[in-house]
Amino acid sequence: MPDLRFYFDPACPFAWLTSKWVRTVQRRRAYEVEWRFVSLRLLNAHIDYESHFPEGYEAGHTAGLRLLRLAARAREEHGVDAVGPLYEALGRLLYERAEQPDEGGSRTRAIAAEALGVVGLPARLVTALDAEELDAVVRAETDEALSLTGKDVGTPILHFAPPDGTALFGPVISRLPSDDDAVALWDHVVALAAFPGFAELKRSLRERPQLPSFGVRPDEVGLVEDWHGGSRRLKR
């Protein structure tokens, strides 16, 4: 059993930053992470994107679902240990480049193909992007994640000390802390998760992620925006 289950959607830049934080702490503390799926597109399947979200959200969330299909197929054929490196490769290609990736299908396919090459997985796996039958796998893990936290959440979802430990949405961070600060933040989050009855700390004001794809340099602080509803939804 892993020490942490990390539910991610590749479409979420905040999940990517949190995953970088988790990997930083993992290098300092010996513990095992299992990378699992939660789809923002499936989570919002009942929402009319045009009236509820800013432009581009539906395309972005759909791209995330397609990349989760890819991760599901990689896990199916190459085991659970294939998911973490693949997610890391996808995240670097999506967010650690200065240009903002196009969320269209061709760009998603190009990123998927490049990520497969980076981690040494077969190029043929790129066909999983269009394998809608894999949505059942992604949906099952999305439902699993929400069963641990409740439905009014986003990504990432962290399940500490599974199967009986607490699961929380977040932490949502806009900057990657230093190695020492990363460990201190980890200890605080774990302490909160371990406290019986703890449910939520929250504010909807967020800095834009400190990532090249958002044009925010490591020495800059991103523009503060109100992510009410957790995702800049125009209405609830």
# chains A, B, ... in the order shown; residues from 1 in each chain; ligands from 1
call {"tool": "closest_atom_pairs", "arguments": {"of": "range 162-208 of chain A", "to": "range 1-19 of chain A", "cutoff": "8 Å", "atoms": "only C-alpha atoms", "output": "JSON lines"}}
result
{"residue": "A:Pro162", "atom": "CA", "partner": "A:Leu4", "partner_atom": "CA", "distance": 6.7}
{"residue": "A:Gly170", "atom": "CA", "partner": "A:Thr18", "partner_atom": "CA", "distance": 7.6}
{"residue": "A:Pro171", "atom": "CA", "partner": "A:Thr18", "partner_atom": "CA", "distance": 6.9}
{"residue": "A:Val172", "atom": "CA", "partner": "A:Phe14", "partner_atom": "CA", "distance": 6.0}
{"residue": "A:Ile173", "atom": "CA", "partner": "A:Phe14", "partner_atom": "CA", "distance": 6.3}
{"residue": "A:Ser174", "atom": "CA", "partner": "A:Phe14", "partner_atom": "CA", "distance": 6.7}
{"residue": "A:Arg175", "atom": "CA", "partner": "A:Leu17", "partner_atom": "CA", "distance": 7.2}
{"residue": "A:Leu176", "atom": "CA", "partner": "A:Leu17", "partner_atom": "CA", "distance": 6.5}
call {"tool": "residues_around", "arguments": {"residues": "Ala136 in chain A", "least_positions_apart": "4", "cutoff": "12 Å", "atoms": "only C-alpha atoms", "output": "list in words"}}
result
Phe37, Val38, Ser39, Leu42, Leu65, Leu68, Arg69, Ala72, Arg73, Ala131, Glu132, Ala140, Glu141, Thr142 and Asp143 of chain A
call {"tool": "select_by_dssp", "arguments": {"residues": "range 99-168 of chain A", "states": "strand (DSSP E or B)", "output": "PyMOL selection string"}}
result
chain A and resi 157-160+167-168
call {"tool": "write_last_selection", "arguments": {"atoms": "N, CA, C and O atoms", "output": "PDB file, in the first residue's frame"}}
result
ATOM      1  N   ILE A 157      -6.371  15.896  -5.603  1.00  0.00           N
ATOM      2  CA  ILE A 157      -6.874  15.283  -4.379  1.00  0.00           C
ATOM      3  C   ILE A 157      -5.776  14.374  -3.841  1.00  0.00           C
ATOM      4  O   ILE A 157      -5.229  13.548  -4.573  1.00  0.00           O
ATOM      5  N   LEU A 158      -5.439  14.559  -2.570  1.00  0.00           N
ATOM      6  CA  LEU A 158      -4.399  13.763  -1.918  1.00  0.00           C
ATOM      7  C   LEU A 158      -5.026  12.889  -0.849  1.00  0.00           C
ATOM      8  O   LEU A 158      -5.754  13.396   0.011  1.00  0.00           O
ATOM      9  N   HIS A 159      -4.746  11.596  -0.919  1.00  0.00           N
ATOM     10  CA  HIS A 159      -5.238  10.635   0.065  1.00  0.00           C
ATOM     11  C   HIS A 159      -4.044  10.160   0.876  1.00  0.00           C
ATOM     12  O   HIS A 159      -3.178   9.437   0.373  1.00  0.00           O
ATOM     13  N   PHE A 160      -3.984  10.604   2.115  1.00  0.00           N
ATOM     14  CA  PHE A 160      -2.870  10.287   3.001  1.00  0.00           C
ATOM     15  C   PHE A 160      -3.094   8.941   3.670  1.00  0.00           C
ATOM     16  O   PHE A 160      -4.196   8.642   4.148  1.00  0.00           O
ATOM     17  N   ALA A 167      -8.462  12.106   3.085  1.00  0.00           N
ATOM     18  CA  ALA A 167      -8.191  12.667   1.762  1.00  0.00           C
ATOM     19  C   ALA A 167      -8.648  14.119   1.741  1.00  0.00           C
ATOM     20  O   ALA A 167      -9.681  14.459   2.310  1.00  0.00           O
ATOM     21  N   LEU A 168      -7.866  14.971   1.084  1.00  0.00           N
ATOM     22  CA  LEU A 168      -8.172  16.396   1.004  1.00  0.00           C
ATOM     23  C   LEU A 168      -7.989  16.888  -0.424  1.00  0.00           C
ATOM     24  O   LEU A 168      -7.128  16.392  -1.160  1.00  0.00           O
TER      25      LEU A 168
END
call {"tool": "residues_around", "arguments": {"residues": "range 198-201 of chain A", "least_positions_apart": "4", "cutoff": "12 Å", "atoms": "only C-alpha atoms", "output": "PyMOL selection string"}}
result
chain A and resi 148-150+152-153+166-172+189-194
call {"tool": "write_last_selection", "arguments": {"atoms": "N, CA and C atoms", "output": "compact mmCIF listing (two decimals), in the first residue's frame"}}
result
# COMPACT_ATOMS: atom_id res chain seq x y z
N LEU A 148 -14.02 10.10 -1.39
CA LEU A 148 -13.13 10.35 -0.26
C LEU A 148 -13.23 11.78 0.26
N THR A 149 -13.64 12.72 -0.60
CA THR A 149 -13.62 14.14 -0.23
C THR A 149 -14.98 14.81 -0.26
N GLY A 150 -15.96 14.23 -0.97
CA GLY A 150 -17.18 14.94 -1.30
C GLY A 150 -17.03 15.56 -2.68
N ASP A 152 -17.74 18.81 -3.91
CA ASP A 152 -17.45 20.21 -4.17
C ASP A 152 -15.95 20.47 -4.09
N VAL A 153 -15.19 19.81 -4.96
CA VAL A 153 -13.73 19.90 -4.94
C VAL A 153 -13.24 19.93 -6.38
N THR A 166 -7.09 10.21 5.81
CA THR A 166 -7.91 11.31 5.31
C THR A 166 -7.49 11.71 3.90
N ALA A 167 -8.46 12.11 3.09
CA ALA A 167 -8.19 12.67 1.76
C ALA A 167 -8.65 14.12 1.74
N LEU A 168 -7.87 14.97 1.08
CA LEU A 168 -8.17 16.40 1.00
C LEU A 168 -7.99 16.89 -0.42
N PHE A 169 -8.78 17.87 -0.81
CA PHE A 169 -8.54 18.62 -2.03
C PHE A 169 -7.43 19.61 -1.75
N GLY A 170 -6.36 19.53 -2.52
CA GLY A 170 -5.22 20.41 -2.33
C GLY A 170 -4.10 19.74 -1.55
N PRO A 171 -3.12 20.53 -1.09
CA PRO A 171 -3.12 21.99 -1.10
C PRO A 171 -2.93 22.57 -2.50
N VAL A 172 -3.59 23.70 -2.73
CA VAL A 172 -3.45 24.44 -3.98
C VAL A 172 -2.37 25.49 -3.77
N VAL A 189 0.58 20.10 6.48
CA VAL A 189 -0.58 19.53 5.79
C VAL A 189 -0.91 18.15 6.36
N VAL A 190 0.11 17.33 6.58
CA VAL A 190 -0.12 16.01 7.15
C VAL A 190 -0.74 16.12 8.55
N ALA A 191 -0.27 17.11 9.33
CA ALA A 191 -0.83 17.29 10.67
C ALA A 191 -2.31 17.66 10.60
N LEU A 192 -2.69 18.55 9.67
CA LEU A 192 -4.10 18.89 9.50
C LEU A 192 -4.91 17.68 9.07
N ALA A 193 -4.37 16.92 8.12
CA ALA A 193 -5.09 15.75 7.61
C ALA A 193 -5.30 14.71 8.70
N ALA A 194 -4.38 14.65 9.66
CA ALA A 194 -4.47 13.64 10.71
C ALA A 194 -5.38 14.05 11.85
call {"tool": "residues_around", "arguments": {"residues": "Arg66 in chain A", "least_positions_apart": "2", "cutoff": "9 Å", "atoms": "only C-alpha atoms", "output": "short mmCIF file (atom, residue, chain, number, x, y, z; two decimals) with N, CA and C atoms, in the first residue's frame"}}
result
data_model
loop_
_atom_site.label_atom_id
_atom_site.label_comp_id
_atom_site.auth_asym_id
_atom_site.auth_seq_id
_atom_site.Cartn_x
_atom_site.Cartn_y
_atom_site.Cartn_z
N HIS A 61 -10.19 20.94 -20.52
CA HIS A 61 -10.61 19.79 -19.73
C HIS A 61 -10.73 18.54 -20.59
N THR A 62 -11.16 18.70 -21.84
CA THR A 62 -11.24 17.56 -22.74
C THR A 62 -9.85 17.02 -23.06
N ALA A 63 -8.88 17.92 -23.25
CA ALA A 63 -7.50 17.50 -23.46
C ALA A 63 -6.99 16.73 -22.25
N GLY A 64 -7.36 17.18 -21.05
CA GLY A 64 -6.95 16.47 -19.84
C GLY A 64 -7.51 15.06 -19.80
N LEU A 68 -5.52 11.50 -19.73
CA LEU A 68 -5.77 10.48 -18.72
C LEU A 68 -6.06 9.13 -19.36
N ARG A 69 -6.72 9.11 -20.51
CA ARG A 69 -6.86 7.85 -21.26
C ARG A 69 -5.49 7.27 -21.58
N LEU A 70 -4.59 8.13 -22.02
CA LEU A 70 -3.23 7.69 -22.33
C LEU A 70 -2.57 7.08 -21.09
N ALA A 71 -2.70 7.76 -19.94
CA ALA A 71 -2.10 7.25 -18.71
C ALA A 71 -2.74 5.92 -18.30
N THR A 108 -2.38 18.26 -28.47
CA THR A 108 -2.42 17.24 -27.41
C THR A 108 -1.75 15.97 -27.89
N ALA A 128 -4.43 5.78 -27.63
CA ALA A 128 -5.32 5.76 -26.46
C ALA A 128 -6.00 7.10 -26.25
N LEU A 129 -5.48 8.17 -26.82
CA LEU A 129 -6.11 9.49 -26.67
C LEU A 129 -7.57 9.46 -27.13
N ASP A 130 -7.86 8.64 -28.11
CA ASP A 130 -9.21 8.59 -28.69
C ASP A 130 -9.98 7.35 -28.25
N ALA A 131 -9.43 6.60 -27.29
CA ALA A 131 -10.05 5.35 -26.84
C ALA A 131 -11.10 5.65 -25.76
N GLU A 132 -12.32 5.96 -26.20
CA GLU A 132 -13.35 6.37 -25.26
C GLU A 132 -13.73 5.28 -24.28
N ASP A 135 -12.65 5.74 -20.74
CA ASP A 135 -13.33 6.69 -19.86
C ASP A 135 -13.94 6.00 -18.65
#
call {"tool": "closest_residue", "arguments": {"among": "A:Val216, A:Ala89, A:Ala184, A:Leu223", "to": "Trp21 in chain A", "atoms": "only C-alpha atoms"}}
result
A:Ala184
call {"tool": "select_by_dssp", "arguments": {"residues": "range 149-210 of chain A", "states": "helix (DSSP H, G or I)", "output": "list of chain:residue names"}}
result
A:Thr149, A:Asp179, A:Asp180, A:Asp181, A:Ala182, A:Val183, A:Ala184, A:Leu185, A:Trp186, A:Asp187, A:His188, A:Val189, A:Val190, A:Ala191, A:Leu192, A:Ala193, A:Ala194
call {"tool": "write_last_selection", "arguments": {"atoms": "all heavy atoms", "output": "CSV table (one decimal), in the first residue's frame"}}
result
chain,number,residue,atom,x,y,z
A,149,THR,N,-13.6,12.7,-0.6
A,149,THR,CA,-13.6,14.1,-0.2
A,149,THR,C,-15.0,14.8,-0.3
A,149,THR,O,-15.2,15.9,0.3
A,149,THR,CB,-12.7,14.9,-1.2
A,149,THR,OG1,-13.2,14.8,-2.5
A,149,THR,CG2,-11.3,14.5,-1.2
A,179,ASP,N,13.3,23.6,-1.0
A,179,ASP,CA,13.3,22.2,-0.4
A,179,ASP,C,12.9,22.2,1.1
A,179,ASP,O,12.1,21.4,1.5
A,179,ASP,CB,14.6,21.6,-0.6
A,179,ASP,CG,14.8,21.1,-2.1
A,179,ASP,OD1,14.0,21.5,-2.9
A,179,ASP,OD2,15.9,20.5,-2.4
A,180,ASP,N,13.5,23.1,1.8
A,180,ASP,CA,13.2,23.1,3.3
A,180,ASP,C,11.8,23.6,3.5
A,180,ASP,O,11.1,23.0,4.4
A,180,ASP,CB,14.2,24.1,4.0
A,180,ASP,CG,15.6,23.5,4.1
A,180,ASP,OD1,15.8,22.3,3.9
A,180,ASP,OD2,16.6,24.3,4.3
A,181,ASP,N,11.3,24.6,2.8
A,181,ASP,CA,9.9,25.0,3.0
A,181,ASP,C,8.9,23.9,2.6
A,181,ASP,O,7.9,23.8,3.1
A,181,ASP,CB,9.7,26.3,2.3
A,181,ASP,CG,10.3,27.5,2.9
A,181,ASP,OD1,10.7,27.4,4.1
A,181,ASP,OD2,10.5,28.6,2.3
A,182,ALA,N,9.3,23.2,1.5
A,182,ALA,CA,8.5,22.1,1.0
A,182,ALA,C,8.2,21.1,2.1
A,182,ALA,O,7.1,20.6,2.3
A,182,ALA,CB,9.1,21.5,-0.2
A,183,VAL,N,9.3,20.7,2.8
A,183,VAL,CA,9.1,19.7,3.9
A,183,VAL,C,8.3,20.3,5.0
A,183,VAL,O,7.5,19.6,5.6
A,183,VAL,CB,10.5,19.3,4.4
A,183,VAL,CG1,10.4,18.4,5.6
A,183,VAL,CG2,11.3,18.5,3.3
A,184,ALA,N,8.5,21.6,5.4
A,184,ALA,CA,7.7,22.2,6.5
A,184,ALA,C,6.3,22.2,6.1
A,184,ALA,O,5.4,21.9,6.9
A,184,ALA,CB,8.3,23.6,6.8
A,185,LEU,N,6.0,22.6,4.8
A,185,LEU,CA,4.6,22.6,4.4
A,185,LEU,C,4.0,21.3,4.4
A,185,LEU,O,2.8,21.1,4.9
A,185,LEU,CB,4.5,23.2,3.0
A,185,LEU,CG,3.1,23.2,2.3
A,185,LEU,CD1,2.1,24.0,3.1
A,185,LEU,CD2,3.2,23.7,0.8
A,186,TRP,N,4.7,20.3,4.0
A,186,TRP,CA,4.2,18.9,4.1
A,186,TRP,C,3.9,18.5,5.5
A,186,TRP,O,2.8,17.9,5.7
A,186,TRP,CB,5.3,17.9,3.5
A,186,TRP,CG,5.0,16.5,3.7
A,186,TRP,CD1,5.4,15.6,4.6
A,186,TRP,CD2,4.1,15.7,2.8
A,186,TRP,NE1,4.9,14.4,4.4
A,186,TRP,CE2,4.1,14.4,3.3
A,186,TRP,CE3,3.4,16.0,1.7
A,186,TRP,CZ2,3.4,13.4,2.8
A,186,TRP,CZ3,2.6,15.0,1.1
A,186,TRP,CH2,2.6,13.7,1.6
A,187,ASP,N,4.7,18.8,6.4
A,187,ASP,CA,4.4,18.4,7.8
A,187,ASP,C,3.2,19.1,8.3
A,187,ASP,O,2.4,18.5,9.1
A,187,ASP,CB,5.6,18.8,8.7
A,187,ASP,CG,6.8,17.9,8.5
A,187,ASP,OD1,6.6,16.7,8.0
A,187,ASP,OD2,8.0,18.3,8.8
A,188,HIS,N,3.0,20.3,8.0
A,188,HIS,CA,1.8,21.0,8.4
A,188,HIS,C,0.5,20.4,7.8
A,188,HIS,O,-0.5,20.2,8.4
A,188,HIS,CB,1.8,22.5,8.0
A,188,HIS,CG,2.9,23.3,8.8
A,188,HIS,ND1,3.0,23.2,10.2
A,188,HIS,CD2,3.8,24.2,8.4
A,188,HIS,CE1,4.0,24.0,10.5
A,188,HIS,NE2,4.5,24.6,9.5
A,189,VAL,N,0.6,20.1,6.5
A,189,VAL,CA,-0.6,19.5,5.8
A,189,VAL,C,-0.9,18.2,6.4
A,189,VAL,O,-2.1,17.8,6.6
A,189,VAL,CB,-0.3,19.4,4.3
A,189,VAL,CG1,-1.4,18.6,3.6
A,189,VAL,CG2,-0.2,20.8,3.7
A,190,VAL,N,0.1,17.3,6.6
A,190,VAL,CA,-0.1,16.0,7.2
A,190,VAL,C,-0.7,16.1,8.5
A,190,VAL,O,-1.6,15.4,8.9
A,190,VAL,CB,1.2,15.2,7.2
A,190,VAL,CG1,1.0,13.9,8.0
A,190,VAL,CG2,1.6,14.9,5.8
A,191,ALA,N,-0.3,17.1,9.3
A,191,ALA,CA,-0.8,17.3,10.7
A,191,ALA,C,-2.3,17.7,10.6
A,191,ALA,O,-3.1,17.1,11.4
A,191,ALA,CB,-0.1,18.4,11.4
A,192,LEU,N,-2.7,18.5,9.7
A,192,LEU,CA,-4.1,18.9,9.5
A,192,LEU,C,-4.9,17.7,9.1
A,192,LEU,O,-6.0,17.4,9.6
A,192,LEU,CB,-4.2,20.0,8.5
A,192,LEU,CG,-3.8,21.4,8.9
A,192,LEU,CD1,-3.9,22.4,7.7
A,192,LEU,CD2,-4.8,21.9,10.0
A,193,ALA,N,-4.4,16.9,8.1
A,193,ALA,CA,-5.1,15.8,7.6
A,193,ALA,C,-5.3,14.7,8.7
A,193,ALA,O,-6.3,14.0,8.7
A,193,ALA,CB,-4.3,15.1,6.4
A,194,ALA,N,-4.4,14.7,9.7
A,194,ALA,CA,-4.5,13.6,10.7
A,194,ALA,C,-5.4,14.0,11.9
A,194,ALA,O,-5.7,13.2,12.7
A,194,ALA,CB,-3.1,13.4,11.3
call {"tool": "closest_residue", "arguments": {"among": "A:Leu146, A:Leu116, A:Val126, A:Ile111", "to": "Ala82 in chain A", "atoms": "only C-alpha atoms"}}
result
A:Leu116
call {"tool": "atom_distance", "arguments": {"atom1": "CA of Leu93 in chain A", "atom2": "CA of Ala123 in chain A"}}
result
16.4 Å
call {"tool": "closest_residue", "arguments": {"among": "A:Gln210, A:Pro196, A:Asp226, A:Glu220", "to": "Glu96 in chain A", "atoms": "only C-alpha atoms"}}
result
A:Gln210
call {"tool": "atom_distance", "arguments": {"atom1": "CA of Tyr87 in chain A", "atom2": "CA of Glu50 in chain A"}}
result
28.5 Å
call {"tool": "closest_residue", "arguments": {"among": "A:Arg139, A:Arg28, A:Arg124, A:Lys151", "to": "Glu77 in chain A", "atoms": "only C-alpha atoms"}}
result
A:Arg124
call {"tool": "closest_residue", "arguments": {"among": "A:Ser204, A:Thr24, A:Ser147, A:Ser213", "to": "Leu94 in chain A", "atoms": "only C-alpha atoms"}}
result
A:Ser213
call {"tool": "closest_residue", "arguments": {"among": "A:Arg109, A:Arg203, A:Arg29, A:Arg36", "to": "Thr127 in chain A", "atoms": "only C-alpha atoms"}}
result
A:Arg109
